[in-house]
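Trainee: I am sharing input-v5.pdb, which consists of PDB, C-alpha atoms and all ligand atoms:
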ATOM      1  CA  MET B   1       1.104 -33.582  -1.034
ATOM      2  CA  ASP B   2      -0.751 -34.042   2.196
ATOM      3  CA  SER B   3      -1.418 -30.589   3.613
ATOM      4  CA  ALA B   4      -1.713 -29.733   7.283
ATOM      5  CA  ILE B   5      -2.856 -26.209   6.513
ATOM      6  CA  THR B   6      -4.337 -24.571   3.424
ATOM      7  CA  ILE B   7      -4.827 -20.837   3.345
ATOM      8  CA  GLU B   8      -6.804 -19.145   0.559
ATOM      9  CA  ASP B   9      -6.970 -15.425   0.090
ATOM     10  CA  LEU B  10      -6.866 -14.796   3.841
ATOM     11  CA  THR B  11      -7.220 -11.109   4.631
ATOM     12  CA  LYS B  12      -7.609  -8.992   7.769
ATOM     13  CA  VAL B  13      -8.462  -5.330   7.496
ATOM     14  CA  PHE B  14      -8.207  -3.087  10.571
ATOM     15  CA  ASP B  15      -9.853   0.319  10.026
ATOM     16  CA  GLY B  16      -9.254   0.262   6.278
ATOM     17  CA  PHE B  17      -5.690  -1.050   6.636
ATOM     18  CA  ALA B  18      -4.891  -4.583   5.409
ATOM     19  CA  ALA B  19      -2.672  -6.165   8.084
ATOM     20  CA  VAL B  20      -2.907  -9.470   6.209
ATOM     21  CA  ASP B  21      -3.574  -9.028   2.520
ATOM     22  CA  HIS B  22      -4.818 -11.925   0.344
ATOM     23  CA  VAL B  23      -2.487 -14.579   1.715
ATOM     24  CA  ASN B  24      -2.349 -18.000   0.046
ATOM     25  CA  LEU B  25      -0.212 -20.766   1.559
ATOM     26  CA  GLU B  26       0.041 -24.537   1.873
ATOM     27  CA  VAL B  27       1.823 -26.086   4.814
ATOM     28  CA  PRO B  28       2.579 -29.815   4.452
ATOM     29  CA  LYS B  29       2.316 -32.274   7.332
ATOM     30  CA  GLY B  30       5.411 -33.153   9.317
ATOM     31  CA  VAL B  31       7.372 -29.954   8.743
ATOM     32  CA  VAL B  32       8.443 -26.867  10.602
ATOM     33  CA  PHE B  33       7.244 -23.921   8.539
ATOM     34  CA  GLY B  34       8.651 -20.453   9.220
ATOM     35  CA  ILE B  35       6.924 -17.117   8.794
ATOM     36  CA  LEU B  36       9.461 -14.336   8.506
ATOM     37  CA  GLY B  37       8.972 -10.628   8.036
ATOM     38  CA  PRO B  38       9.762  -7.208   9.483
ATOM     39  CA  ASN B  39       7.871  -5.726  12.441
ATOM     40  CA  GLY B  40       4.276  -5.119  11.427
ATOM     41  CA  ALA B  41       4.403  -7.507   8.433
ATOM     42  CA  GLY B  42       1.286  -9.329   9.627
ATOM     43  CA  LYS B  43       2.784 -12.525  11.098
ATOM     44  CA  THR B  44       0.950 -12.372  14.417
ATOM     45  CA  THR B  45      -2.317 -11.355  12.738
ATOM     46  CA  LEU B  46      -2.031 -14.352  10.381
ATOM     47  CA  LEU B  47      -1.299 -16.749  13.259
ATOM     48  CA  ARG B  48      -4.199 -15.326  15.281
ATOM     49  CA  MET B  49      -6.634 -15.939  12.428
ATOM     50  CA  LEU B  50      -5.358 -19.504  11.966
ATOM     51  CA  SER B  51      -5.755 -20.184  15.678
ATOM     52  CA  THR B  52      -9.385 -18.908  15.511
ATOM     53  CA  VAL B  53      -8.965 -16.011  17.952
ATOM     54  CA  LEU B  54      -9.323 -13.359  15.246
ATOM     55  CA  LYS B  55     -11.983 -13.400  12.533
ATOM     56  CA  PRO B  56     -10.731 -12.895   8.973
ATOM     57  CA  THR B  57     -12.229 -10.063   6.927
ATOM     58  CA  ARG B  58     -12.041 -12.292   3.846
ATOM     59  CA  GLY B  59     -10.729 -15.637   2.739
ATOM     60  CA  LYS B  60     -10.517 -19.140   4.117
ATOM     61  CA  ALA B  61      -8.219 -21.535   5.896
ATOM     62  CA  ARG B  62      -8.357 -25.188   6.813
ATOM     63  CA  ILE B  63      -6.374 -26.924   9.513
ATOM     64  CA  LEU B  64      -6.217 -30.695   8.986
ATOM     65  CA  GLY B  65      -9.339 -30.340   6.875
ATOM     66  CA  HIS B  66     -11.269 -28.239   9.399
ATOM     67  CA  ASP B  67     -12.451 -24.818   8.290
ATOM     68  CA  ILE B  68     -11.396 -22.076  10.749
ATOM     69  CA  LEU B  69     -14.722 -20.244  10.368
ATOM     70  CA  GLU B  70     -17.124 -23.168  10.101
ATOM     71  CA  GLU B  71     -15.472 -25.563  12.569
ATOM     72  CA  PRO B  72     -13.504 -23.448  15.053
ATOM     73  CA  ILE B  73     -14.024 -25.939  17.884
ATOM     74  CA  LYS B  74     -12.594 -28.800  15.819
ATOM     75  CA  VAL B  75      -9.687 -26.570  14.854
ATOM     76  CA  ARG B  76      -8.993 -25.714  18.499
ATOM     77  CA  GLU B  77      -8.941 -29.412  19.369
ATOM     78  CA  VAL B  78      -6.108 -30.174  16.954
ATOM     79  CA  ILE B  79      -3.939 -27.089  17.493
ATOM     80  CA  GLY B  80      -1.635 -25.822  20.216
ATOM     81  CA  VAL B  81      -0.798 -22.132  20.387
ATOM     82  CA  LEU B  82       2.005 -20.045  21.822
ATOM     83  CA  PRO B  83       0.696 -16.486  21.414
ATOM     84  CA  GLU B  84       2.825 -13.348  21.197
ATOM     85  CA  ASP B  85       1.557 -12.302  24.636
ATOM     86  CA  THR B  86       1.543 -15.394  26.800
ATOM     87  CA  GLY B  87      -1.354 -14.177  28.990
ATOM     88  CA  LEU B  88      -0.534 -16.515  31.889
ATOM     89  CA  TYR B  89      -2.069 -16.075  35.330
ATOM     90  CA  ASP B  90       0.602 -14.698  37.667
ATOM     91  CA  ARG B  91      -1.062 -16.167  40.733
ATOM     92  CA  LEU B  92      -0.999 -19.741  39.441
ATOM     93  CA  THR B  93       1.978 -22.103  39.473
ATOM     94  CA  PRO B  94       3.099 -24.045  36.366
ATOM     95  CA  ALA B  95       1.459 -27.207  37.737
ATOM     96  CA  GLU B  96      -1.830 -25.353  38.379
ATOM     97  CA  THR B  97      -1.682 -23.664  34.977
ATOM     98  CA  LEU B  98      -1.286 -26.972  33.164
ATOM     99  CA  LEU B  99      -4.053 -28.554  35.247
ATOM    100  CA  PHE B 100      -6.371 -25.636  34.476
ATOM    101  CA  TYR B 101      -5.790 -25.680  30.710
ATOM    102  CA  GLY B 102      -5.729 -29.481  30.551
ATOM    103  CA  LYS B 103      -9.147 -29.575  32.254
ATOM    104  CA  LEU B 104     -10.462 -26.949  29.821
ATOM    105  CA  ARG B 105      -9.426 -29.312  27.045
ATOM    106  CA  GLY B 106     -11.240 -32.206  28.697
ATOM    107  CA  MET B 107      -8.094 -34.140  29.649
ATOM    108  CA  GLU B 108      -8.151 -36.464  32.656
ATOM    109  CA  SER B 109      -6.287 -35.292  35.776
ATOM    110  CA  ALA B 110      -3.960 -38.311  35.802
ATOM    111  CA  LYS B 111      -2.996 -37.703  32.165
ATOM    112  CA  ILE B 112      -2.437 -33.988  32.824
ATOM    113  CA  LEU B 113      -0.174 -34.773  35.784
ATOM    114  CA  GLU B 114       1.806 -37.319  33.789
ATOM    115  CA  ARG B 115       2.300 -34.937  30.821
ATOM    116  CA  SER B 116       3.085 -32.027  33.167
ATOM    117  CA  GLU B 117       5.921 -33.925  34.838
ATOM    118  CA  VAL B 118       7.393 -34.920  31.465
ATOM    119  CA  LEU B 119       7.249 -31.338  30.161
ATOM    120  CA  LEU B 120       8.488 -29.678  33.368
ATOM    121  CA  SER B 121      11.460 -31.984  33.360
ATOM    122  CA  LEU B 122      12.089 -31.563  29.607
ATOM    123  CA  LEU B 123      12.227 -27.770  29.953
ATOM    124  CA  GLY B 124      14.126 -27.792  33.240
ATOM    125  CA  LEU B 125      11.316 -26.351  35.358
ATOM    126  CA  SER B 126      10.615 -29.286  37.690
ATOM    127  CA  GLY B 127      12.058 -27.346  40.635
ATOM    128  CA  LYS B 128       9.611 -24.501  39.951
ATOM    129  CA  ARG B 129       6.451 -26.547  39.460
ATOM    130  CA  ASP B 130       4.818 -25.048  42.593
ATOM    131  CA  ALA B 131       6.211 -21.498  42.428
ATOM    132  CA  LYS B 132       3.957 -18.602  41.400
ATOM    133  CA  ILE B 133       4.379 -17.598  37.735
ATOM    134  CA  GLY B 134       4.331 -13.926  38.802
ATOM    135  CA  THR B 135       7.831 -14.478  40.213
ATOM    136  CA  PHE B 136       9.179 -15.952  36.935
ATOM    137  CA  SER B 137      11.571 -14.420  34.400
ATOM    138  CA  LYS B 138      10.442 -13.849  30.797
ATOM    139  CA  GLY B 139      12.094 -17.065  29.622
ATOM    140  CA  MET B 140      10.542 -19.148  32.391
ATOM    141  CA  LYS B 141       7.105 -17.751  31.492
ATOM    142  CA  GLN B 142       7.745 -18.533  27.834
ATOM    143  CA  LYS B 143       8.500 -22.138  28.769
ATOM    144  CA  VAL B 144       5.277 -22.431  30.762
ATOM    145  CA  ALA B 145       3.338 -21.034  27.799
ATOM    146  CA  LEU B 146       5.027 -23.554  25.522
ATOM    147  CA  MET B 147       4.140 -26.409  27.877
ATOM    148  CA  ARG B 148       0.533 -25.230  27.798
ATOM    149  CA  ALA B 149       0.665 -25.250  23.977
ATOM    150  CA  VAL B 150       1.892 -28.855  23.720
ATOM    151  CA  LEU B 151       0.164 -30.359  26.784
ATOM    152  CA  HIS B 152      -2.566 -32.144  24.788
ATOM    153  CA  GLU B 153      -0.108 -33.272  22.068
ATOM    154  CA  PRO B 154      -1.674 -31.264  19.235
ATOM    155  CA  ASP B 155      -1.050 -32.221  15.601
ATOM    156  CA  VAL B 156      -0.476 -28.596  14.604
ATOM    157  CA  LEU B 157       1.474 -26.075  16.651
ATOM    158  CA  PHE B 158       1.419 -22.299  16.122
ATOM    159  CA  LEU B 159       4.341 -20.570  17.799
ATOM    160  CA  ASP B 160       4.693 -16.797  17.688
ATOM    161  CA  GLU B 161       8.393 -16.001  18.234
ATOM    162  CA  PRO B 162       8.978 -19.004  20.502
ATOM    163  CA  THR B 163      12.549 -18.176  21.498
ATOM    164  CA  SER B 164      12.508 -14.373  21.531
ATOM    165  CA  GLY B 165      14.341 -13.046  24.564
ATOM    166  CA  LEU B 166      15.466 -16.466  25.761
ATOM    167  CA  ASP B 167      18.967 -17.359  26.905
ATOM    168  CA  VAL B 168      21.093 -19.736  24.823
ATOM    169  CA  MET B 169      20.266 -22.890  26.783
ATOM    170  CA  SER B 170      16.537 -22.158  26.990
ATOM    171  CA  ALA B 171      16.316 -21.355  23.279
ATOM    172  CA  ARG B 172      18.104 -24.642  22.530
ATOM    173  CA  GLU B 173      15.683 -26.593  24.695
ATOM    174  CA  ILE B 174      12.736 -25.023  22.908
ATOM    175  CA  ARG B 175      14.245 -25.602  19.465
ATOM    176  CA  GLY B 176      14.837 -29.221  20.444
ATOM    177  CA  LEU B 177      11.190 -29.595  21.367
ATOM    178  CA  ILE B 178      10.078 -27.999  18.078
ATOM    179  CA  LYS B 179      12.242 -30.340  15.984
ATOM    180  CA  ASP B 180      11.019 -33.325  17.918
ATOM    181  CA  TRP B 181       7.429 -32.242  17.366
ATOM    182  CA  ALA B 182       7.679 -32.156  13.579
ATOM    183  CA  SER B 183       9.711 -35.369  13.427
ATOM    184  CA  LYS B 184       6.641 -37.207  14.691
ATOM    185  CA  GLY B 185       4.591 -36.224  11.624
ATOM    186  CA  ARG B 186       3.051 -33.230  13.331
ATOM    187  CA  SER B 187       3.364 -29.726  11.959
ATOM    188  CA  VAL B 188       4.747 -26.521  13.412
ATOM    189  CA  VAL B 189       4.207 -23.016  12.088
ATOM    190  CA  LEU B 190       6.404 -20.466  13.762
ATOM    191  CA  SER B 191       7.227 -16.822  13.334
ATOM    192  CA  THR B 192      10.728 -15.648  14.092
ATOM    193  CA  HIS B 193      13.139 -12.763  13.544
ATOM    194  CA  ASN B 194      16.081 -15.099  14.017
ATOM    195  CA  MET B 195      17.355 -16.114  10.575
ATOM    196  CA  TRP B 196      19.810 -18.618  11.993
ATOM    197  CA  GLU B 197      16.997 -20.284  13.884
ATOM    198  CA  ALA B 198      14.810 -20.409  10.767
ATOM    199  CA  GLN B 199      17.713 -21.968   8.888
ATOM    200  CA  GLN B 200      18.197 -24.588  11.618
ATOM    201  CA  LEU B 201      14.530 -25.483  12.020
ATOM    202  CA  CYS B 202      12.432 -24.744   8.968
ATOM    203  CA  SER B 203      11.868 -27.000   5.949
ATOM    204  CA  ALA B 204      10.198 -24.071   4.226
ATOM    205  CA  VAL B 205       9.553 -20.423   4.932
ATOM    206  CA  ALA B 206       7.171 -17.698   3.812
ATOM    207  CA  ILE B 207       8.528 -14.173   3.802
ATOM    208  CA  MET B 208       5.878 -11.566   4.547
ATOM    209  CA  ASP B 209       5.967  -7.807   4.092
ATOM    210  CA  LYS B 210       3.108  -5.328   4.493
ATOM    211  CA  GLY B 211       0.536  -8.095   4.878
ATOM    212  CA  LYS B 212       1.558 -10.001   1.749
ATOM    213  CA  VAL B 213       3.571 -13.148   1.196
ATOM    214  CA  VAL B 214       6.499 -11.917  -0.888
ATOM    215  CA  SER B 215       8.130 -15.315  -1.342
ATOM    216  CA  VAL B 216       7.699 -18.900  -0.231
ATOM    217  CA  GLY B 217       9.833 -22.001  -0.585
ATOM    218  CA  THR B 218      12.600 -24.039   0.941
ATOM    219  CA  ILE B 219      15.565 -21.985   2.065
ATOM    220  CA  GLU B 220      17.665 -23.477  -0.774
ATOM    221  CA  GLU B 221      15.010 -22.489  -3.317
ATOM    222  CA  LEU B 222      14.911 -18.921  -2.043
ATOM    223  CA  GLU B 223      18.701 -18.698  -2.042
ATOM    224  CA  ARG B 224      18.829 -19.937  -5.625
ATOM    225  CA  MET B 225      15.999 -17.668  -6.752
ATOM    226  CA  THR B 226      17.524 -14.523  -5.261
ATOM    227  CA  LYS B 227      21.160 -15.585  -5.902
ATOM    228  CA  GLN B 228      21.968 -15.000  -2.224
ATOM    229  CA  GLU B 229      24.113 -17.108   0.060
ATOM    230  CA  ASP B 230      22.153 -17.311   3.256
ATOM    231  CA  LEU B 231      18.700 -16.632   4.573
ATOM    232  CA  GLU B 232      19.529 -13.231   6.041
ATOM    233  CA  GLU B 233      20.784 -12.062   2.644
ATOM    234  CA  VAL B 234      17.666 -13.529   0.989
ATOM    235  CA  PHE B 235      15.507 -11.679   3.492
ATOM    236  CA  VAL B 236      17.275  -8.341   3.011
ATOM    237  CA  HIS B 237      17.154  -8.759  -0.773
ATOM    238  CA  LEU B 238      13.401  -9.476  -0.813
ATOM    239  CA  ILE B 239      12.385  -6.825   1.719
ATOM    240  CA  LYS B 240      14.546  -4.164   0.051
ATOM    241  CA  GLY B 241      13.035  -5.167  -3.285
ATOM    242  CA  GLU B 242       9.562  -4.577  -1.842
ATOM    243  CA  ALA B 243      10.529  -1.160  -0.464
ATOM    244  CA  GLU B 244      11.806  -0.062  -3.880
ATOM    245  CA  ARG B 245       8.646  -1.218  -5.636
TER
HETATM  246  N1  LIG K   1      -5.978  -5.314  16.836
HETATM  247  C1  LIG K   1      -5.426  -4.486  15.945
HETATM  248  N2  LIG K   1      -6.018  -3.323  15.600
HETATM  249  C2  LIG K   1      -5.478  -2.503  14.675
HETATM  250  N3  LIG K   1      -4.325  -2.766  14.021
HETATM  251  C3  LIG K   1      -3.695  -3.902  14.318
HETATM  252  C4  LIG K   1      -4.204  -4.821  15.300
HETATM  253  N4  LIG K   1      -3.354  -5.886  15.372
HETATM  254  C5  LIG K   1      -2.359  -5.632  14.496
HETATM  255  N5  LIG K   1      -2.557  -4.455  13.871
HETATM  256  C6  LIG K   1      -1.698  -3.864  12.841
HETATM  257  O1  LIG K   1      -1.483  -4.843  11.843
HETATM  258  C7  LIG K   1      -0.142  -4.806  11.364
HETATM  259  C8  LIG K   1       0.466  -6.180  11.506
HETATM  260  O2  LIG K   1       0.672  -6.447  12.882
HETATM  261  P1  LIG K   1       1.227  -7.840  13.400
HETATM  262  O3  LIG K   1       1.214  -7.801  14.875
HETATM  263  O4  LIG K   1       0.492  -8.926  12.732
HETATM  264  O5  LIG K   1       2.724  -7.799  12.835
HETATM  265  P2  LIG K   1       3.931  -8.810  13.090
HETATM  266  O6  LIG K   1       4.420  -9.234  11.750
HETATM  267  O7  LIG K   1       3.532  -9.858  14.033
HETATM  268  O8  LIG K   1       5.021  -7.831  13.737
HETATM  269  P3  LIG K   1       6.134  -8.141  14.887
HETATM  270  O9  LIG K   1       7.296  -8.736  14.161
HETATM  271  O10 LIG K   1       6.452  -6.772  15.414
HETATM  272  O11 LIG K   1       5.530  -9.038  15.915
HETATM  273  C9  LIG K   1       0.556  -3.705  12.154
HETATM  274  O12 LIG K   1       0.548  -2.535  11.376
HETATM  275  C10 LIG K   1      -0.318  -3.525  13.373
HETATM  276  O13 LIG K   1      -0.281  -2.193  13.834
HETATM  277 MG    MG K   2       4.160 -10.388  15.894
END
Would you give me this structure, written as structure tokens?
Ligand SMILES: Nc1ncnc2c1ncn2[C@@H]1O[C@H](COP(=O)(O)OP(=O)(O)OP(=O)(O)O)[C@@H](O)[C@H]1O
Ligand SMILES: [Mg+2]

Mentor:
Amino acid sequence: MDSAITIEDLTKVFDGFAAVDHVNLEVPKGVVFGILGPNGAGKTTLLRMLSTVLKPTRGKARILGHDILEEPIKVREVIGVLPEDTGLYDRLTPAETLLFYGKLRGMESAKILERSEVLLSLLGLSGKRDAKIGTFSKGMKQKVALMRAVLHEPDVLFLDEPTSGLDVMSAREIRGLIKDWASKGRSVVLSTHNMWEAQQLCSAVAIMDKGKVVSVGTIEELERMTKQEDLEEVFVHLIKGEAER
């Protein structure tokens, strides 16, 4: 199997506490891969290490063959990231934001403008292209952050709770974009608390609890393994099992 991401023994310790604890995972190319887990399970910490913004305490990971510690610049070239905190500049407009980040990535202005128009229109923000982001709602900011993540057409996308707090139509638009992304042979790793969404989008999921991967597989495999009928029941079964251990 052709892997987009391989993770070996990845660990992050904060002040003696393992937020991510010896994680091993393989994510194939061309799939949407879900990371599920309760608050504090380590999802964001894992995604931050993979996107090279947080240094692992131990372990390794490769993104499309590039080592996150040895080749962070190569890794950053092939990934797009939607972080938990979008960190957008309130005083910029969506158009300015995309121009700024596109330039940072070495894209040509004409290409940035062309991609920006496509994305603004796709996410229904064309009318707001020149409005200050500081005046935007949470969902509108989330869309701008998503546009920034996909601007340079990365082969691997990391999305930390991409639809949290979004209205029905906005969440649908974003899910549509995610599906489309993976259908073109690119890979998406997303964290979510929405089991229905994971069921709709993900070819496979990893369930994390207390820094560890408790289970990984396709949703059908996990349902069969736990003898549960849907992903929410699988999740409850596995997380309760961990608590009783
Ligand atoms: N910079 C940090 N310093 C110290 N502890 C941290 C830091 N970042 C995360 N943690 C701790 O690591 C654990 C995992 O946090 P993380 O944000 O990865 O969880 P999560 O699975 O993303 O949770 P949520 O679903 O709430 O977003 C938590 O106990 C958190 O308090
Ligand atoms: Mg998180």

Trainee: Given the file above and the PyMOL selection byres (((chain B and resi 155) around 8) and not hetatm), which residues are selected, and can you give them as a list in words?

Mentor: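 So the PyMOL selection byres (((chain B and resi 155) around 8) and not hetatm) ends up selecting Val78, Ile79, Gly80, Glu153, Pro154, Val156, Leu157, Gly185, Arg186 and Ser187 of chain B.
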
Trainee: Closest to Leu64 in chain B among B:Asp2, B:Glu8, B:Glu221, B:Glu96, using only C-alpha atoms?

Mentor: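 Using only C-alpha atoms, Leu64 in chain B sits closest to B:Asp2.
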
Trainee: Which residues sit within 9 Å of ligand LIG 1 (chain K), counting all atoms listed in the file, listed as JSON, numbers by chain?

Mentor: {"B": [12, 13, 14, 15, 17, 18, 19, 20, 35, 36, 37, 38, 39, 40, 41, 42, 43, 44, 45, 46, 47, 48, 54, 84, 160, 161, 191, 192, 193, 208, 209, 210, 211]}

Trainee: Return the single residue from B:Leu113, B:Leu82, B:Leu119, B:Ala182 that is closest to ligand MG 2 (chain K), with distances computed using all atoms listed in the file.

Mentor: B:Leu82

Trainee: Could you tell me how far CA of Val144 in chain B lies from CA of Leu123 in chain B, in Å and to one decimal?

Mentor: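 Distance reported for this atom pair: 8.8 Å.
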
Trainee: Save range 64-142 of chain B of the structure in the block above to a file, with C-alpha atoms included, as a compact mmCIF listing (two decimals), in the first residue's frame.

Mentor:
# COMPACT_ATOMS: atom_id res chain seq x y z
CA LEU B 64 5.06 11.61 1.39
CA GLY B 65 8.49 10.25 2.26
CA HIS B 66 9.73 13.42 3.97
CA ASP B 67 10.82 13.15 7.58
CA ILE B 68 9.11 15.77 9.79
CA LEU B 69 12.29 16.36 11.81
CA GLU B 70 14.93 16.10 9.10
CA GLU B 71 13.04 17.76 6.23
CA PRO B 72 10.48 20.12 7.77
CA ILE B 73 10.66 22.54 4.84
CA LYS B 74 9.88 19.79 2.33
CA VAL B 75 7.03 18.65 4.56
CA ARG B 76 5.60 22.18 4.72
CA GLU B 77 5.69 22.39 0.92
CA VAL B 78 3.43 19.37 0.47
CA ILE B 79 0.95 19.97 3.31
CA GLY B 80 -1.91 22.36 3.96
CA VAL B 81 -3.06 22.97 7.52
CA LEU B 82 -6.24 24.15 9.18
CA PRO B 83 -5.17 24.61 12.81
CA GLU B 84 -7.47 24.50 15.84
CA ASP B 85 -6.95 28.24 16.31
CA THR B 86 -7.10 29.82 12.88
CA GLY B 87 -4.77 32.71 13.82
CA LEU B 88 -5.92 34.96 10.97
CA TYR B 89 -5.10 38.66 10.86
CA ASP B 90 -8.26 40.62 11.67
CA ARG B 91 -7.09 43.67 9.76
CA LEU B 92 -6.62 41.81 6.47
CA THR B 93 -9.35 40.86 4.01
CA PRO B 94 -9.71 37.32 2.60
CA ALA B 95 -8.11 38.44 -0.68
CA GLU B 96 -5.16 40.02 1.18
CA THR B 97 -4.80 36.99 3.44
CA LEU B 98 -4.58 34.61 0.50
CA LEU B 99 -2.14 36.90 -1.30
CA PHE B 100 0.04 37.10 1.82
CA TYR B 101 0.18 33.34 2.42
CA GLY B 102 0.46 32.55 -1.29
CA LYS B 103 3.49 34.85 -1.53
CA LEU B 104 5.02 33.20 1.55
CA ARG B 105 4.72 29.92 -0.33
CA GLY B 106 6.42 31.39 -3.38
CA MET B 107 3.32 31.37 -5.60
CA GLU B 108 3.00 33.90 -8.42
CA SER B 109 0.50 36.74 -7.91
CA ALA B 110 -1.54 35.80 -10.99
CA LYS B 111 -1.86 32.20 -9.79
CA ILE B 112 -2.83 33.34 -6.28
CA LEU B 113 -5.53 35.62 -7.69
CA GLU B 114 -6.89 32.88 -9.93
CA ARG B 115 -7.01 30.31 -7.08
CA SER B 116 -8.46 32.90 -4.67
CA GLU B 117 -11.39 33.64 -6.97
CA VAL B 118 -12.12 29.93 -7.41
CA LEU B 119 -12.03 29.29 -3.65
CA LEU B 120 -13.97 32.42 -2.65
CA SER B 121 -16.70 31.44 -5.06
CA LEU B 122 -16.64 27.76 -4.00
CA LEU B 123 -17.15 28.70 -0.34
CA GLY B 124 -19.62 31.49 -1.04
CA LEU B 125 -17.38 34.33 0.13
CA SER B 126 -16.89 36.24 -3.14
CA GLY B 127 -19.01 39.12 -1.83
CA LYS B 128 -16.72 39.41 1.21
CA ARG B 129 -13.37 39.23 -0.57
CA ASP B 130 -12.48 42.83 0.42
CA ALA B 131 -14.10 42.98 3.87
CA LYS B 132 -11.93 42.92 7.01
CA ILE B 133 -11.74 39.46 8.63
CA GLY B 134 -12.19 41.11 12.05
CA THR B 135 -15.83 41.69 11.09
CA PHE B 136 -16.42 38.01 10.17
CA SER B 137 -18.41 35.34 12.01
CA LYS B 138 -16.68 32.18 13.27
CA GLY B 139 -17.82 30.18 10.24
CA MET B 140 -16.65 32.82 7.77
CA LYS B 141 -13.23 32.86 9.47
CA GLN B 142 -13.11 29.07 9.32
